[in-house]
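Structure file my_file_23.txt with compact mmCIF, C-alpha atoms and all ligand atoms:
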```txt
# COMPACT_ATOMS: atom_id res chain seq x y z
CA MET K 1 -20.03 1.62 -7.51
CA ILE K 2 -18.33 1.83 -10.89
CA SER K 3 -19.11 4.83 -13.04
CA GLY K 4 -18.43 5.56 -16.68
CA THR K 5 -19.03 3.26 -19.61
CA TYR K 6 -17.51 0.23 -17.91
CA THR K 7 -19.70 -2.44 -16.34
CA LYS K 8 -18.86 -5.44 -14.19
CA GLU K 9 -20.90 -7.63 -16.53
CA SER K 10 -18.68 -6.75 -19.46
CA ALA K 11 -15.72 -8.08 -17.56
CA SER K 12 -17.21 -11.21 -16.02
CA HIS K 13 -14.57 -13.34 -17.73
CA ILE K 14 -11.95 -11.54 -15.65
CA ILE K 15 -13.82 -12.14 -12.39
CA ASP K 16 -14.13 -15.84 -13.21
CA LYS K 17 -10.37 -16.13 -13.28
CA ILE K 18 -9.90 -14.36 -9.98
CA PHE K 19 -10.73 -16.71 -7.15
CA THR K 20 -8.92 -19.90 -7.89
CA ASN K 21 -7.73 -21.74 -4.80
CA GLU K 22 -4.16 -21.04 -5.64
CA LYS K 23 -4.64 -17.30 -6.15
CA ALA K 24 -6.79 -16.88 -3.04
CA SER K 25 -4.16 -18.64 -0.93
CA HIS K 26 -1.38 -16.63 -2.50
CA LEU K 27 -3.15 -13.37 -1.64
CA TYR K 28 -3.44 -14.52 1.97
CA ARG K 29 0.24 -15.43 2.18
CA GLN K 30 1.16 -12.03 0.78
CA LEU K 31 -0.97 -10.35 3.46
CA LEU K 32 0.78 -12.38 6.11
CA TRP K 33 4.18 -11.52 4.62
CA LEU K 34 3.44 -7.81 4.91
CA ARG K 35 1.89 -8.12 8.38
CA GLN K 36 4.74 -10.12 9.87
CA SER K 37 7.38 -7.92 8.27
CA GLU K 38 5.77 -4.77 9.63
CA GLU K 39 5.14 -6.24 13.10
CA THR K 40 8.77 -7.35 13.33
CA LEU K 41 9.98 -3.91 12.27
CA ALA K 42 7.70 -2.21 14.80
CA ARG K 43 9.16 -4.40 17.54
CA LEU K 44 12.75 -3.73 16.47
CA TYR K 45 12.13 -0.01 15.99
CA LYS K 46 11.75 0.39 19.74
CA GLU K 47 15.42 -0.59 20.18
CA GLN K 48 16.22 2.85 18.69
CA GLU K 49 18.76 1.50 16.22
CA MET K 50 16.68 2.55 13.22
CA ARG K 51 17.02 6.30 13.07
CA THR K 52 14.57 7.00 10.24
CA PRO K 53 11.05 8.36 10.88
CA THR K 54 8.79 5.43 10.02
CA HIS K 55 5.08 5.33 9.15
CA PHE K 56 3.83 1.81 9.78
CA GLY K 57 1.09 0.40 7.58
CA THR K 58 -0.25 -2.30 9.92
CA GLY K 59 -3.95 -2.82 9.22
CA GLN K 60 -3.78 -1.50 5.65
CA GLU K 61 -2.12 -4.52 3.98
CA ALA K 62 -5.10 -5.60 1.87
CA VAL K 63 -4.96 -2.44 -0.26
CA ALA K 64 -1.34 -3.00 -1.27
CA VAL K 65 -1.73 -6.74 -1.88
CA GLY K 66 -5.07 -6.50 -3.68
CA VAL K 67 -3.81 -3.84 -6.08
CA CYS K 68 -0.26 -5.09 -6.69
CA GLU K 69 -1.44 -8.65 -7.34
CA ALA K 70 -3.56 -7.30 -10.19
CA LEU K 71 -0.46 -5.85 -11.90
CA GLU K 72 2.31 -7.14 -14.14
CA CYS K 73 5.96 -6.76 -13.13
CA GLU K 74 6.47 -4.10 -15.85
CA ASP K 75 3.65 -1.93 -14.48
CA VAL K 76 5.08 0.79 -12.28
CA VAL K 77 4.06 1.74 -8.74
CA TYR K 78 4.61 4.98 -6.84
CA SER K 79 3.93 5.40 -3.17
CA HIS K 80 3.84 7.87 -0.29
CA HIS K 81 5.21 8.07 3.25
CA ARG K 82 3.37 4.91 4.42
CA CYS K 83 5.10 2.80 1.79
CA HIS K 84 6.42 -0.49 3.22
CA ASN K 85 3.31 -2.43 2.23
CA HIS K 86 3.40 -1.20 -1.38
CA TYR K 87 7.13 -1.89 -1.73
CA LEU K 88 6.76 -5.46 -0.44
CA ALA K 89 3.54 -6.17 -2.32
CA LYS K 90 5.19 -5.18 -5.62
CA GLY K 91 8.01 -7.63 -4.89
CA GLY K 92 10.57 -5.39 -3.15
CA ASP K 93 13.22 -7.32 -1.21
CA LEU K 94 12.59 -7.28 2.57
CA PHE K 95 16.31 -7.60 3.28
CA LYS K 96 16.94 -4.34 1.36
CA LEU K 97 14.05 -2.63 3.16
CA VAL K 98 15.32 -3.60 6.61
CA ALA K 99 18.90 -2.66 5.68
CA GLU K 100 17.59 0.73 4.54
CA LEU K 101 15.86 1.31 7.88
CA TYR K 102 19.13 0.51 9.64
CA GLY K 103 20.95 2.98 7.34
CA ARG K 104 23.13 0.25 5.82
CA ILE K 105 24.88 0.17 2.45
CA ASP K 106 22.75 -2.77 1.22
CA GLY K 107 19.57 -0.78 1.79
CA CYS K 108 17.39 -0.26 -1.28
CA SER K 109 18.50 3.41 -1.32
CA ALA K 110 22.01 2.55 -0.10
CA GLY K 111 21.13 3.74 3.40
CA ARG K 112 20.53 7.34 2.27
CA GLY K 113 16.76 7.33 1.88
CA GLY K 114 15.27 5.85 5.03
CA SER K 115 11.75 4.55 5.40
CA VAL K 116 10.04 7.09 3.15
CA HIS K 117 12.37 6.75 0.14
CA LEU K 118 12.08 3.13 -0.92
CA THR K 119 12.76 1.85 -4.40
CA ALA K 120 12.86 -1.50 -6.22
CA ARG K 121 13.16 -0.51 -9.87
CA GLU K 122 13.68 -4.11 -11.03
CA LYS K 123 10.24 -4.97 -9.64
CA GLY K 124 8.51 -1.86 -10.96
CA PHE K 125 8.36 -0.09 -7.60
CA VAL K 126 9.79 3.24 -8.71
CA ILE K 127 9.85 5.43 -5.61
CA SER K 128 8.03 6.64 -2.53
CA SER K 129 8.08 10.17 -1.19
CA ALA K 130 7.01 11.87 2.03
CA ILE K 131 5.84 15.04 0.30
CA LEU K 132 2.10 14.59 -0.03
CA ALA K 133 0.94 14.27 -3.65
CA GLN K 134 4.47 14.58 -5.00
CA THR K 135 4.36 11.21 -6.74
CA ILE K 136 0.89 11.65 -8.30
CA PRO K 137 2.02 13.90 -11.21
CA VAL K 138 5.13 11.73 -11.63
CA ALA K 139 3.02 8.57 -11.92
CA THR K 140 0.84 10.45 -14.40
CA GLY K 141 4.02 11.29 -16.34
CA SER K 142 5.00 7.61 -16.40
CA ALA K 143 1.57 6.81 -17.81
CA LEU K 144 2.07 9.48 -20.48
CA ALA K 145 5.42 7.90 -21.39
CA PHE K 146 3.80 4.44 -21.70
CA LYS K 147 1.16 5.89 -23.99
CA MET K 148 3.66 7.81 -26.15
CA ASP K 149 5.87 4.71 -26.44
CA ASP K 150 2.84 2.58 -27.25
CA LYS K 151 3.58 0.23 -24.35
CA PRO K 152 0.85 -1.86 -22.71
CA ASN K 153 1.85 -0.98 -19.15
CA ILE K 154 0.11 1.10 -16.55
CA ALA K 155 1.26 3.37 -13.71
CA VAL K 156 -0.22 3.17 -10.22
CA CYS K 157 -0.04 5.74 -7.47
CA PHE K 158 -0.96 5.03 -3.84
CA PHE K 159 -1.81 7.93 -1.54
CA GLY K 160 -3.83 8.72 1.59
CA GLU K 161 -7.20 10.48 1.61
CA ALA K 162 -5.61 13.70 2.93
CA THR K 163 -3.59 13.82 -0.26
CA CYS K 164 -6.89 14.37 -2.07
CA GLU K 165 -6.77 17.81 -0.41
CA GLU K 166 -3.68 18.74 -2.48
CA GLY K 167 -3.88 20.64 -5.78
CA ALA K 168 -1.48 18.32 -7.60
CA PHE K 169 -4.06 15.53 -7.30
CA TYR K 170 -6.64 17.52 -9.27
CA GLU K 171 -4.17 18.71 -11.90
CA SER K 172 -3.08 15.12 -12.43
CA MET K 173 -6.65 13.81 -12.70
CA ASN K 174 -7.50 16.55 -15.18
CA TYR K 175 -4.48 15.82 -17.36
CA ALA K 176 -4.79 12.02 -17.11
CA SER K 177 -8.44 12.11 -18.09
CA THR K 178 -7.98 14.57 -20.94
CA TYR K 179 -5.30 12.38 -22.53
CA LYS K 180 -6.83 9.03 -21.43
CA LEU K 181 -3.61 7.99 -19.72
CA PRO K 182 -3.09 4.48 -18.33
CA VAL K 183 -2.93 5.40 -14.66
CA LEU K 184 -4.65 3.93 -11.60
CA PHE K 185 -5.08 6.33 -8.67
CA VAL K 186 -5.42 4.38 -5.42
CA CYS K 187 -6.63 6.27 -2.36
CA GLU K 188 -6.15 4.57 1.00
CA ASN K 189 -8.84 6.23 3.06
CA ASN K 190 -7.87 5.55 6.68
CA LEU K 191 -10.01 8.44 8.00
CA TYR K 192 -7.11 10.43 9.50
CA SER K 193 -4.35 12.79 8.45
CA THR K 194 -1.82 12.66 11.29
CA GLU K 195 -4.21 13.42 14.18
CA SER K 196 -6.93 15.23 12.17
CA PRO K 197 -10.13 13.28 11.45
CA LEU K 198 -11.96 13.58 8.15
CA ASN K 199 -14.69 15.91 9.44
CA THR K 200 -12.13 18.64 10.20
CA ARG K 201 -10.76 18.51 6.67
CA GLN K 202 -13.46 17.65 4.17
CA PRO K 203 -17.11 18.76 3.90
CA GLU K 204 -19.66 16.43 5.48
CA ASP K 205 -20.65 13.44 3.31
CA THR K 206 -17.78 13.95 0.90
CA GLU K 207 -17.52 11.12 -1.60
CA LEU K 208 -14.09 11.17 -3.21
CA CYS K 209 -15.41 9.09 -6.12
CA GLU K 210 -17.67 12.03 -6.99
CA ARG K 211 -14.59 14.21 -7.31
CA ALA K 212 -13.09 11.71 -9.75
CA ARG K 213 -16.34 11.72 -11.70
CA ALA K 214 -16.10 15.50 -12.00
CA PHE K 215 -13.04 14.80 -14.15
CA LYS K 216 -14.92 12.07 -16.06
CA ILE K 217 -12.78 9.40 -14.40
CA SER K 218 -14.42 6.09 -13.59
CA SER K 219 -14.21 5.08 -9.96
CA GLU K 220 -15.04 2.50 -7.34
CA LYS K 221 -15.14 2.54 -3.53
CA VAL K 222 -14.31 -0.76 -1.82
CA ASP K 223 -13.74 -2.33 1.58
CA GLY K 224 -9.98 -1.84 1.83
CA ASN K 225 -9.71 -4.51 4.54
CA ASP K 226 -11.02 -7.21 2.21
CA VAL K 227 -8.13 -8.32 0.02
CA TYR K 228 -10.43 -10.22 -2.30
CA ALA K 229 -12.69 -7.20 -2.84
CA VAL K 230 -9.67 -4.98 -3.53
CA TYR K 231 -8.14 -7.54 -5.87
CA GLN K 232 -11.37 -7.90 -7.80
CA ALA K 233 -11.89 -4.15 -8.13
CA ALA K 234 -8.25 -3.56 -9.06
CA SER K 235 -8.28 -6.35 -11.67
CA LEU K 236 -11.32 -4.84 -13.33
CA ALA K 237 -9.84 -1.35 -13.19
CA VAL K 238 -6.54 -2.56 -14.65
CA ALA K 239 -8.31 -4.39 -17.48
CA ARG K 240 -10.27 -1.26 -18.25
CA ILE K 241 -7.16 0.91 -18.26
CA ARG K 242 -5.24 -1.54 -20.45
CA ALA K 243 -8.16 -1.48 -22.89
CA GLY K 244 -7.34 2.20 -23.46
CA LYS K 245 -10.26 3.67 -21.53
CA GLY K 246 -8.16 6.08 -19.50
CA PRO K 247 -7.49 6.51 -15.79
CA PHE K 248 -9.37 4.95 -12.87
CA PHE K 249 -9.81 6.09 -9.26
CA LEU K 250 -10.05 3.39 -6.58
CA GLU K 251 -10.93 4.38 -3.01
CA CYS K 252 -10.18 1.75 -0.37
CA MET K 253 -11.67 2.22 3.11
CA THR K 254 -9.24 1.08 5.79
CA TYR K 255 -7.61 2.04 9.11
CA ARG K 256 -4.06 2.41 10.38
CA TRP K 257 -3.52 0.58 13.66
CA ARG K 258 -0.42 2.31 14.95
CA GLU K 259 0.35 5.97 15.62
CA HIS K 260 0.84 8.21 12.56
CA VAL K 261 4.61 7.95 12.71
CA GLY K 262 6.36 5.47 14.97
CA PRO K 263 5.79 1.94 16.27
CA CYS K 264 3.40 2.53 19.20
CA PHE K 265 -0.34 2.36 19.50
CA ASP K 266 -1.88 5.77 20.22
CA HIS K 267 -3.24 4.78 23.62
CA GLU K 268 0.22 3.56 24.69
CA VAL K 269 1.56 7.08 24.30
CA ASN K 270 -1.55 8.84 25.64
CA ARG K 271 -2.75 10.26 22.34
CA THR K 272 -6.47 10.98 22.52
CA TYR K 273 -7.44 12.12 19.02
CA ARG K 274 -9.07 8.70 18.53
CA SER K 275 -10.24 6.13 21.04
CA LYS K 276 -8.96 2.68 21.87
CA GLU K 277 -12.50 1.40 21.25
CA GLU K 278 -12.41 2.76 17.70
CA LEU K 279 -9.09 1.01 17.08
CA GLU K 280 -10.43 -2.25 18.51
CA SER K 281 -13.51 -2.09 16.32
CA TRP K 282 -11.23 -1.88 13.27
CA MET K 283 -8.95 -4.63 14.59
CA GLU K 284 -12.00 -6.88 14.50
CA LYS K 285 -12.05 -6.19 10.76
CA CYS K 286 -8.37 -7.23 10.47
CA PRO K 287 -7.56 -7.93 6.79
CA VAL K 288 -5.46 -10.98 7.63
CA LYS K 289 -8.16 -12.56 9.81
CA LYS K 290 -10.81 -11.67 7.24
CA ALA K 291 -8.90 -13.45 4.47
CA ALA K 292 -8.23 -16.48 6.69
CA SER K 293 -11.96 -16.78 7.46
CA TYR K 294 -12.76 -16.59 3.74
CA LEU K 295 -10.32 -19.39 2.95
CA LEU K 296 -11.51 -21.60 5.81
CA ARG K 297 -15.20 -20.94 5.09
CA ASN K 298 -14.74 -21.96 1.48
CA GLU K 299 -12.62 -24.96 2.48
CA MET K 300 -9.72 -23.68 0.42
CA VAL K 301 -7.21 -24.33 3.23
CA THR K 302 -6.95 -26.19 6.51
CA LYS K 303 -5.98 -24.69 9.86
CA ASP K 304 -2.75 -26.71 9.70
CA GLU K 305 -1.84 -25.09 6.40
CA LEU K 306 -2.45 -21.63 7.88
CA SER K 307 -0.12 -22.45 10.81
CA GLN K 308 2.51 -23.83 8.46
CA TRP K 309 2.47 -20.64 6.32
CA ASN K 310 2.70 -18.57 9.47
CA PHE K 311 5.80 -20.47 10.54
CA GLU K 312 7.45 -20.33 7.08
CA ILE K 313 6.87 -16.59 6.74
CA GLU K 314 8.18 -15.91 10.23
CA GLU K 315 11.39 -17.70 9.27
CA ARG K 316 11.75 -15.70 6.03
CA VAL K 317 11.30 -12.43 7.94
CA GLN K 318 13.86 -13.39 10.59
CA LYS K 319 16.37 -14.36 7.91
CA ALA K 320 16.00 -10.97 6.18
CA VAL K 321 16.47 -9.11 9.48
CA THR K 322 19.57 -11.10 10.46
CA LEU K 323 21.16 -10.50 7.05
CA ALA K 324 20.30 -6.78 7.08
CA LYS K 325 21.91 -6.28 10.49
CA GLN K 326 25.12 -7.82 9.14
CA SER K 327 25.26 -5.31 6.28
CA GLY K 328 28.01 -2.65 6.40
CA TRP K 329 27.69 1.11 6.84
CA PRO K 330 28.04 3.56 3.94
CA LYS K 331 31.55 5.08 3.90
CA ALA K 332 31.65 8.55 5.44
CA LEU K 333 33.48 9.99 2.41
CA GLU K 334 30.77 8.69 0.07
CA LEU K 335 27.89 9.96 2.14
CA PHE K 336 26.86 12.69 -0.29
CA GLU K 337 27.10 10.53 -3.41
CA ASN K 338 23.77 9.83 -5.11
CA VAL K 339 22.00 12.32 -2.87
CA TRP K 340 19.90 15.10 -4.40
C1 LIG K 401 2.80 18.75 1.09
C2 LIG K 401 2.81 18.19 2.49
N1 LIG K 401 2.02 18.74 3.44
C3 LIG K 401 2.04 18.25 4.70
C4 LIG K 401 2.87 17.19 5.04
C5 LIG K 401 2.88 16.65 6.48
N2 LIG K 401 2.23 15.34 6.53
C6 LIG K 401 2.95 14.19 6.46
S1 LIG K 401 1.99 12.83 6.49
C7 LIG K 401 0.60 13.74 6.64
C8 LIG K 401 -0.76 13.06 6.73
C9 LIG K 401 -1.17 12.49 5.46
O1 LIG K 401 -2.41 11.85 5.57
P1 LIG K 401 -2.91 10.89 4.43
O2 LIG K 401 -2.55 11.42 3.10
O3 LIG K 401 -4.33 10.61 4.68
O4 LIG K 401 -2.02 9.56 4.65
P2 LIG K 401 -1.93 8.66 5.97
O5 LIG K 401 -0.83 9.24 6.80
O6 LIG K 401 -3.23 8.73 6.64
O7 LIG K 401 -1.58 7.32 5.48
C10 LIG K 401 0.88 15.11 6.65
C11 LIG K 401 -0.13 16.18 6.79
C12 LIG K 401 3.68 16.66 4.03
N3 LIG K 401 4.51 15.64 4.25
N4 LIG K 401 3.63 17.15 2.76
MG MG K 402 -5.17 9.18 5.92
```
Take the structure I supplied and represent it as structure tokens, if you would.
Ligand SMILES: Cc1ncc(C[n+]2csc(CCOP(=O)(O)OP(=O)(O)O)c2C)c(N)n1
Ligand SMILES: [Mg+2]
Amino acid sequence: MISGTYTKESASHIIDKIFTNEKASHLYRQLLWLRQSEETLARLYKEQEMRTPTHFGTGQEAVAVGVCEALECEDVVYSHHRCHNHYLAKGGDLFKLVAELYGRIDGCSAGRGGSVHLTAREKGFVISSAILAQTIPVATGSALAFKMDDKPNIAVCFFGEATCEEGAFYESMNYASTYKLPVLFVCENNLYSTESPLNTRQPEDTELCERARAFKISSEKVDGNDVYAVYQAASLAVARIRAGKGPFFLECMTYRWREHVGPCFDHEVNRTYRSKEELESWMEKCPVKKAASYLLRNEMVTKDELSQWNFEIEERVQKAVTLAKQSGWPKALELFENVW
């Protein structure tokens, strides 16, 4: 549903441009890029050479790709603790991400930040932070700066649904709406906050879009495992924001496959807050498989092309990992430089 004065009909020219063969295939390759990167990191993490707490985003790739592909390079993105997907989708260098996880000098934060403090300023990925909701007011501030400087750019903030339980989220929505700021709030609703399910944290039948509407912010809820649905919704939201109509709230329904923090699946480490059956039911809705089916169904690709992309991406990931492992360590005497 989209609320407010904006209608899908009024933006049909944007939708027409969306699903070209080339773009649809590109979105799929981006999904695969994120999936293979994250799966490789999860495998390597078990070797215990990466000493940074890491929140894997396997299963949630379509949100990052669908939104970031609707943006321009100069638009800025902020993220939270589960940030690898957003960093990569906005064009962050995998080599610098892997080096960061290994604590190396070539890491995107020079080995000081770890998994939750990624940055790729040159690509418009400003920062991620593990403090829930911390980046929402900052993204809102970036949007204010764009408006004051009369720039056409927008700011985007990704966060989980539990972050909608933080006060800073409401203060930011109130301010952004009052001043019609160019900011896109993207909620990745994966149903859990660490091991707490939604029904222990939010009243029954809560619709987060209704909360956005209370601040007179237009909103839409989409299938966050369908990259094409997310891309379409994000493109429309971005067009609306760029037209000066103020902020937008996008809720994407999805599911994290691995444990809250760390590389294992919950059942592998005997966690029982959710069942293996529930996980498997979401794995059937895998965003990568879903996109592949779409492309094959519409005869946009062949199975051979899919295999070829798989192979090429695997090679790119391996190359980044090899390079990152060769990177040097920060010097002990410089350890406290650039640390706040
Ligand atoms: C202000 C604050 N409170 C609590 C935490 C501890 N914490 C870290 S991640 C997390 C769960 C967040 O859930 P959600 O926002 O839904 O994101 P998800 O992990 O599901 O992607 C919590 C409670 C924190 N980092 N910051
Ligand atoms: Mg969550």
Given the choices K:Leu184, K:Ala320, K:Cys209, K:Leu279, which gets closest to Glu251 (chain K) if the distance is worked out from all atoms listed in the file?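 Selected residue with least distance to Glu251 (chain K): K:Cys209.
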Find the distance between CA of Ala70 (chain K) and CA of Thr254 (chain K) and write it in Å to one decimal. 18.9 Å
At a cut-off of 8 Å and counting all atoms listed in the file, what residues surround ligand LIG 401 (chain K)? Please answer as a tab-separated table (two decimals) with C-alpha atoms, in the coordinates of the input.
```tsv
chain	number	residue	atom	x	y	z
K	55	HIS	CA	5.08	5.33	9.15
K	57	GLY	CA	1.09	0.40	7.58
K	80	HIS	CA	3.84	7.87	-0.29
K	81	HIS	CA	5.21	8.07	3.25
K	82	ARG	CA	3.37	4.91	4.42
K	130	ALA	CA	7.01	11.87	2.03
K	131	ILE	CA	5.84	15.04	0.30
K	132	LEU	CA	2.10	14.59	-0.03
K	133	ALA	CA	0.94	14.27	-3.65
K	134	GLN	CA	4.47	14.58	-5.00
K	159	PHE	CA	-1.81	7.93	-1.54
K	160	GLY	CA	-3.83	8.72	1.59
K	161	GLU	CA	-7.20	10.48	1.61
K	162	ALA	CA	-5.61	13.70	2.93
K	163	THR	CA	-3.59	13.82	-0.26
K	164	CYS	CA	-6.89	14.37	-2.07
K	166	GLU	CA	-3.68	18.74	-2.48
K	188	GLU	CA	-6.15	4.57	1.00
K	189	ASN	CA	-8.84	6.23	3.06
K	190	ASN	CA	-7.87	5.55	6.68
K	191	LEU	CA	-10.01	8.44	8.00
K	192	TYR	CA	-7.11	10.43	9.50
K	193	SER	CA	-4.35	12.79	8.45
K	194	THR	CA	-1.82	12.66	11.29
K	256	ARG	CA	-4.06	2.41	10.38
K	260	HIS	CA	0.84	8.21	12.56
```
Given all atoms listed in the file as the counted atoms, nearest of K:Leu198, K:Ile136, K:Val98, K:Ala120 to Ala324 (chain K):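 Going through K:Leu198, K:Ile136, K:Val98, K:Ala120 one by one, the smallest distance to Ala324 (chain K) is for K:Val98.
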Residues near Leu27 (chain K), anyone? I mean within 8 Å using all atoms listed in the file, not counting same-chain ones fewer than 5 positions away, as a ChimeraX atom specification. /K:65-66,69,227-228
CA of Gly246 (chain K) to CA of Thr135 (chain K), distance in Å rounded to a single decimal: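 Here the two named atoms are 18.6 Å from each other.
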